[in-house]
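Asker: Take this structure, written in C-alpha cells, and hold onto it; I'll ask about it next.
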Amino acid sequence: MNAEPNRRVLLVDDNADIHGVFRRILVPDRSAAAELGDETARLLGVAAPSTPARATFELVSAMQGQEALTIVEAACAAGRPFAMAFVDMRMPPGIDGLETIKRLWAVDSELLVVICTAHTDYGWSEINAELAGSDRWLVLKKPCDKIEVLQTAHALTEKWNLARLARTRLAGLESIVTERTEQLRRSSQVKNEFLANVSHELLTPMNGIVGMQELLTSTNLDPEQLEILGDARRCSDRLLQLLQQIVAYNQAEAGTLDLTPVEIAPADFLEEIASTHRARATHKGVKLVVRVTPELPQKIRVPTRAIAEVVRALVDNAVKFTTRGTVEIGMHAAGGRLFCTVSDTGIGMTREQVSWIMEPFAQVDGGMSRHNTGFGLGLPLARRLVESLGGRLHISSAPDTGTTAAFSTLLPRAA
C-alpha cells in the first residue's frame with residue numbers, strides 16, 4: 001500500500017455536463033479563489049486570508065460502462081486502483097449501471113460504488129437483489145447535492161483506505177504467525193532428531209550392558225557376586241525401559257511410530273508383559289493377574305508394538321503406586337474393537353491429579369521428597385500412543401481406592 005491515501009475516484013456517466021459538475025466539486029480550481037482573496041486583501045489593506053487545506057481527489061471520467069471497465073483494468077494492472085466510483089444507472093446505448101458495477105467488481109472486488117439514480121430505472125429491492133455485498137455500495141438520488149457528493153467521496157475513500165490498512169496489517173500478522181509456526185516446526189523437528197540420535201546412542205551401549213550381564217549369570221560367581229549382579233541387572237532393566245519409553249514417545253510425536261499389525265495370542269501377549277513386572281509386584285506383596293475373556297479370538301492382528309508400550313507403561317504405574325492388593329491386566333473385544341484395561345488397588349488420585357499427570361514429566365508425588373522412581377513419562381506416553389492408534393486413554397481414580405486405565409483400538413480380522 002502506498003504511503004499516500006488513495007483518493008482516486010472514477011465517474012461513469014454518459015452526460016458530459018455531469019462530469020464538469022463533479023470536477024468542480026471534487027477537484028476545485030484553488031488558484032482562482034486564492035487570487036480573489038489576495039485582490040480583496042489589497043483593496044481592504046488587510047492580510048490575505050489563508051485558504052483552509054482540503055483533501056483533493058484524482059477524478060477520472062468514463063462516458064460508458066465498457067470504457068470504465070477498460071480504465072479499471074488498466075488501473076489495477078498498474079497497481080493504482082480506484083478507491084470508489086460514481087456510476088450512473090442509465091447510459092444508453094451501452095450497458096447499464098448495474099451490469100457495469102458487476103463487471104467492475106469482477107476486476108476489482110475492493111472498489112466501493114455510489115449508484116447515481118433518479119429511482120425510476122430500478123427500485124431498491126431490484127438493486128439489492130442484483131448486487132451482492134451491500135457494504136460495498138450505496139445510492140445517491142439525482143439530482144445530486146454538492147455536499148452529499150463531497151461527503152460521500154470523503155467517507156468512501158477513507159473507508160477504502162482503512163480497509164486496505166486493516167488487510168495489510170492482517171497480512172503482516174499472518175506472515176508473522178506463519179514464520180513463527182515454521183520456526184516451531186523446525187524446532188520440533190530438531191528436538192525429535194536430537195532425541196532420536198541420543199536415544200540410539202544410549203540404547204546401543206545399554207543393550208550391550210544388559211547382554212554382558214546376561215552372560216555373567218552363566219559364569220561361576222559366588223553368592224555375593226550374584227547378588228551384586230542381580231542389583232545391577234535390575235538397574236539396567238529399569239534404565240533400558242526408560243530409554244525405550246523416550247524412544248516410543250519421540251516416535252509418536254514425530255509420527256514415525258511403527259503401527260504395523262502383527263498377529264499375537266492375547267493371553268500370551270499380556271502374560272509376557274506381566275512377567276517383566278511380576279517380580280517387583282511380588283516383592284511388594286501385590287498380586288499381578290492377567291484376565292482375557294473367552295470371547296476374544298485365539299489369534300488377533302493389532303499394532304503390537306504400540307499396544308505393548310501402552311500396557312507396559314500402565315502396568316508399571318499401577319505396580320509403582322500399589323502397596324497392597326491386586327493389579328489386573330484385562331483384554332476383551334466388543335463392537336469390532338479391542339479393549340485393554342489395567343486396574344489396581346493402589347493409592348489412587350484426585351481428579352486434579354489425573355489431569356496433572358497426563359502432562360509429560362509431571363509427578364503426583366513430585367519434589368525432592370517423593371517416594372517413587374521415574375520421571376513422569378509413563379501416562380503421557382500411554383496417552384500419546386493411544387492417540388496414534390486412533391483412540392483415547394480413559395483414567396478413573398479415587399484416593400485410597402485405586403485406579404483403572406482403559407483404551408481401545410480397532411480389531412481387524414485375523415489373517
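Following the order of the C-alpha cells, first chain is A, next is B, and so on, with residues numbered from 1 inside each chain and ligands from 1 in the order they appear.
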Determine which residues of segment 164-405 of chain A receive a DSSP assignment of helix (DSSP H, G or I), computed from the backbone, and state them as number ranges by chain.
Answerer: A: 164-216, 223-254, 266-283, 304-320, 351-357, 378-388
Asker: Find the residues around segment 262-274 of chain A up to 12 Å (only C-alpha atoms counted), leave out those fewer than 3 positions away in its own chain, and share them as number ranges by chain.
Answerer: A: 258-259, 277-282, 287-316, 318-319, 327-333, 338-342, 411-415
Asker: Give me the residues within 7 Å of segment 189-200 of chain A as a VMD selection string, counting only C-alpha atoms and dropping any in the same chain fewer than 6 places off.
Answerer: chain A and resid 243 247 250 254
Asker: Store the residues picked out above in a file with C-alpha atoms, as a short mmCIF file (atom, residue, chain, number, x, y, z; two decimals), in the first residue's frame.
Answerer:
```cif
data_model
loop_
_atom_site.label_atom_id
_atom_site.label_comp_id
_atom_site.auth_asym_id
_atom_site.auth_seq_id
_atom_site.Cartn_x
_atom_site.Cartn_y
_atom_site.Cartn_z
CA LEU A 243 15.10 -45.24 27.33
CA VAL A 247 12.16 -43.56 22.01
CA ASN A 250 9.55 -39.35 20.41
CA ALA A 254 7.32 -37.37 15.14
#
```
Asker: Which parts of segment 223-344 of chain A does DSSP call strand (DSSP E) when run on the backbone here, written out as an NGL selection string?
Answerer: :A and (262-264 or 286-292 or 300-302 or 325-334 or 337-344)
Asker: Just to be explicit: take each residue in the selection above, keep C-alpha atoms, and write the result as an mmCIF file, in the first residue's frame.
Answerer:
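Heads up, here's the output in again34.cif:
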```
data_model
loop_
_atom_site.group_PDB
_atom_site.id
_atom_site.type_symbol
_atom_site.label_atom_id
_atom_site.label_comp_id
_atom_site.auth_asym_id
_atom_site.auth_seq_id
_atom_site.Cartn_x
_atom_site.Cartn_y
_atom_site.Cartn_z
ATOM 1 C CA VAL A 262 1.164 -58.246 13.919
ATOM 2 C CA GLU A 263 -0.599 -61.476 14.847
ATOM 3 C CA ILE A 264 -0.490 -62.315 18.552
ATOM 4 C CA VAL A 286 0.980 -57.207 45.235
ATOM 5 C CA LYS A 287 -0.727 -59.848 43.110
ATOM 6 C CA LEU A 288 -0.383 -59.317 39.344
ATOM 7 C CA VAL A 289 -3.018 -61.147 37.289
ATOM 8 C CA VAL A 290 -3.990 -61.385 33.614
ATOM 9 C CA ARG A 291 -7.605 -61.849 32.508
ATOM 10 C CA VAL A 292 -8.630 -62.427 28.889
ATOM 11 C CA ILE A 300 -5.649 -61.291 16.656
ATOM 12 C CA ARG A 301 -3.784 -58.825 14.454
ATOM 13 C CA VAL A 302 -3.037 -55.496 16.135
ATOM 14 C CA GLY A 325 -3.933 -55.841 46.840
ATOM 15 C CA THR A 326 -4.009 -56.544 43.103
ATOM 16 C CA VAL A 327 -3.001 -55.200 39.725
ATOM 17 C CA GLU A 328 -5.113 -56.707 36.960
ATOM 18 C CA ILE A 329 -4.428 -56.595 33.217
ATOM 19 C CA GLY A 330 -7.530 -57.294 31.130
ATOM 20 C CA MET A 331 -8.399 -57.600 27.472
ATOM 21 C CA HIS A 332 -11.731 -58.118 25.722
ATOM 22 C CA ALA A 333 -13.427 -57.395 22.393
ATOM 23 C CA ALA A 334 -16.724 -55.654 21.661
ATOM 24 C CA ARG A 337 -12.789 -53.017 18.877
ATOM 25 C CA LEU A 338 -10.156 -54.394 21.227
ATOM 26 C CA PHE A 339 -10.354 -53.079 24.795
ATOM 27 C CA CYS A 340 -7.452 -53.145 27.237
ATOM 28 C CA THR A 341 -7.684 -52.249 30.926
ATOM 29 C CA VAL A 342 -5.209 -52.026 33.777
ATOM 30 C CA SER A 343 -6.764 -51.773 37.249
ATOM 31 C CA ASP A 344 -5.106 -51.521 40.635
#
```
Asker: Neighbouring residues of segment 130-134 of chain A were defined as those with any atom within 9 Å, considering only C-alpha atoms; residues of the same chain fewer than 3 positions away were excluded. Please report them as a PyMOL selection string.
Answerer: chain A and resi 98-99+101-102+125-127+137-138
Asker: Grab the residues selected above and save them as an mmCIF file, in the first residue's frame with C-alpha atoms.
Answerer:
```
data_model
loop_
_atom_site.group_PDB
_atom_site.id
_atom_site.type_symbol
_atom_site.label_atom_id
_atom_site.label_comp_id
_atom_site.auth_asym_id
_atom_site.auth_seq_id
_atom_site.Cartn_x
_atom_site.Cartn_y
_atom_site.Cartn_z
ATOM 1 C CA LEU A 98 -25.939 -2.499 -12.631
ATOM 2 C CA GLU A 99 -24.160 -4.519 -15.289
ATOM 3 C CA ILE A 101 -20.861 -2.456 -11.461
ATOM 4 C CA LYS A 102 -20.894 -6.244 -11.663
ATOM 5 C CA SER A 125 -35.396 -4.175 -3.965
ATOM 6 C CA GLU A 126 -34.276 -4.790 -7.546
ATOM 7 C CA ILE A 127 -30.873 -3.175 -6.952
ATOM 8 C CA TRP A 137 -22.297 0.255 -2.442
ATOM 9 C CA LEU A 138 -24.822 2.976 -1.653
#
```
Asker: With only C-alpha atoms as the counted atoms, please give the residues lying no more than 12 Å from Arg164 of chain A, apart from itself and same-chain residues fewer than 2 positions off, as an MDAnalysis selection string.
Answerer: chainID A and resid 1:3 5:6 81 83 110:111 157:162 166:171
Asker: Using N, CA and C atoms, can you write the selected residues to a file as a PDB file, in the first residue's frame?
Answerer:
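File written: result_30.pdb
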```pdb
ATOM      1  N   MET A   1       0.841  -1.191   0.000  1.00  0.00           N
ATOM      2  CA  MET A   1       0.000   0.000   0.000  1.00  0.00           C
ATOM      3  C   MET A   1       0.881   1.246   0.000  1.00  0.00           C
ATOM      4  N   ASN A   2       0.485   2.257  -0.823  1.00  0.00           N
ATOM      5  CA  ASN A   2       1.254   3.476  -0.894  1.00  0.00           C
ATOM      6  C   ASN A   2       1.148   4.243   0.409  1.00  0.00           C
ATOM      7  N   ALA A   3       2.169   5.110   0.676  1.00  0.00           N
ATOM      8  CA  ALA A   3       2.157   5.928   1.881  1.00  0.00           C
ATOM      9  C   ALA A   3       1.028   6.950   1.809  1.00  0.00           C
ATOM     10  N   PRO A   5      -2.683   8.386   0.974  1.00  0.00           N
ATOM     11  CA  PRO A   5      -4.022   7.801   0.893  1.00  0.00           C
ATOM     12  C   PRO A   5      -4.505   7.739  -0.555  1.00  0.00           C
ATOM     13  N   ASN A   6      -5.271   6.745  -0.848  1.00  0.00           N
ATOM     14  CA  ASN A   6      -5.826   6.586  -2.188  1.00  0.00           C
ATOM     15  C   ASN A   6      -7.098   7.430  -2.296  1.00  0.00           C
ATOM     16  N   PRO A  81      -5.207   1.217  -8.120  1.00  0.00           N
ATOM     17  CA  PRO A  81      -6.658   1.004  -8.209  1.00  0.00           C
ATOM     18  C   PRO A  81      -7.438   2.225  -7.754  1.00  0.00           C
ATOM     19  N   ALA A  83     -10.353   3.959  -5.488  1.00  0.00           N
ATOM     20  CA  ALA A  83     -10.975   3.702  -4.196  1.00  0.00           C
ATOM     21  C   ALA A  83     -12.484   3.587  -4.348  1.00  0.00           C
ATOM     22  N   GLU A 110     -12.586  -4.757  -4.459  1.00  0.00           N
ATOM     23  CA  GLU A 110     -12.462  -3.804  -3.359  1.00  0.00           C
ATOM     24  C   GLU A 110     -13.052  -2.435  -3.713  1.00  0.00           C
ATOM     25  N   LEU A 111     -13.435  -2.248  -4.947  1.00  0.00           N
ATOM     26  CA  LEU A 111     -13.952  -0.955  -5.397  1.00  0.00           C
ATOM     27  C   LEU A 111     -15.286  -0.645  -4.705  1.00  0.00           C
ATOM     28  N   THR A 157     -13.686   7.030   0.316  1.00  0.00           N
ATOM     29  CA  THR A 157     -12.238   6.876   0.115  1.00  0.00           C
ATOM     30  C   THR A 157     -11.546   6.572   1.443  1.00  0.00           C
ATOM     31  N   GLU A 158     -12.045   7.212   2.528  1.00  0.00           N
ATOM     32  CA  GLU A 158     -11.472   6.910   3.848  1.00  0.00           C
ATOM     33  C   GLU A 158     -11.758   5.456   4.233  1.00  0.00           C
ATOM     34  N   LYS A 159     -12.955   4.989   3.960  1.00  0.00           N
ATOM     35  CA  LYS A 159     -13.296   3.594   4.253  1.00  0.00           C
ATOM     36  C   LYS A 159     -12.400   2.650   3.462  1.00  0.00           C
ATOM     37  N   TRP A 160     -12.176   2.956   2.194  1.00  0.00           N
ATOM     38  CA  TRP A 160     -11.309   2.105   1.363  1.00  0.00           C
ATOM     39  C   TRP A 160      -9.898   2.067   1.945  1.00  0.00           C
ATOM     40  N   ASN A 161      -9.375   3.214   2.350  1.00  0.00           N
ATOM     41  CA  ASN A 161      -8.012   3.273   2.892  1.00  0.00           C
ATOM     42  C   ASN A 161      -7.902   2.528   4.223  1.00  0.00           C
ATOM     43  N   LEU A 162      -8.907   2.659   5.074  1.00  0.00           N
ATOM     44  CA  LEU A 162      -8.885   1.943   6.347  1.00  0.00           C
ATOM     45  C   LEU A 162      -8.966   0.433   6.129  1.00  0.00           C
ATOM     46  N   ALA A 166      -6.196  -2.285   7.196  1.00  0.00           N
ATOM     47  CA  ALA A 166      -6.515  -3.454   8.016  1.00  0.00           C
ATOM     48  C   ALA A 166      -6.046  -4.738   7.344  1.00  0.00           C
ATOM     49  N   ARG A 167      -6.258  -4.824   6.025  1.00  0.00           N
ATOM     50  CA  ARG A 167      -5.814  -6.031   5.305  1.00  0.00           C
ATOM     51  C   ARG A 167      -4.292  -6.149   5.324  1.00  0.00           C
ATOM     52  N   THR A 168      -3.614  -5.007   5.182  1.00  0.00           N
ATOM     53  CA  THR A 168      -2.146  -5.023   5.197  1.00  0.00           C
ATOM     54  C   THR A 168      -1.623  -5.496   6.545  1.00  0.00           C
ATOM     55  N   ARG A 169      -2.224  -4.976   7.621  1.00  0.00           N
ATOM     56  CA  ARG A 169      -1.790  -5.386   8.956  1.00  0.00           C
ATOM     57  C   ARG A 169      -2.119  -6.845   9.218  1.00  0.00           C
ATOM     58  N   LEU A 170      -3.293  -7.277   8.752  1.00  0.00           N
ATOM     59  CA  LEU A 170      -3.663  -8.683   8.923  1.00  0.00           C
ATOM     60  C   LEU A 170      -2.701  -9.587   8.170  1.00  0.00           C
ATOM     61  N   ALA A 171      -2.346  -9.180   6.960  1.00  0.00           N
ATOM     62  CA  ALA A 171      -1.388  -9.966   6.180  1.00  0.00           C
ATOM     63  C   ALA A 171      -0.043 -10.031   6.894  1.00  0.00           C
TER      64      ALA A 171
END
```
Asker: Please determine, counting only C-alpha atoms, which residue among A:Val177, A:Met206, A:Ala382, A:Leu165 has the shortest atom-to-atom distance to Gln241 of chain A.
Answerer: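 Counting only C-alpha atoms, the residue closest to Gln241 of chain A is A:Met206.
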Asker: In terms of the shortest atom-to-atom distance over only C-alpha atoms, which of A:Phe321, A:Phe86, A:Phe407, A:Phe22 is closest to Ile395 of chain A?
Answerer: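 Of A:Phe321, A:Phe86, A:Phe407, A:Phe22, the one nearest Ile395 of chain A, counting only C-alpha atoms, is A:Phe407.
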Asker: Using only C-alpha atoms, which of the listed residues (A:Cys116, A:Leu11, A:Leu389, A:Ala129) sits closest to Glu148 of chain A?
Answerer: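 Counting only C-alpha atoms, the residue closest to Glu148 of chain A is A:Cys116.
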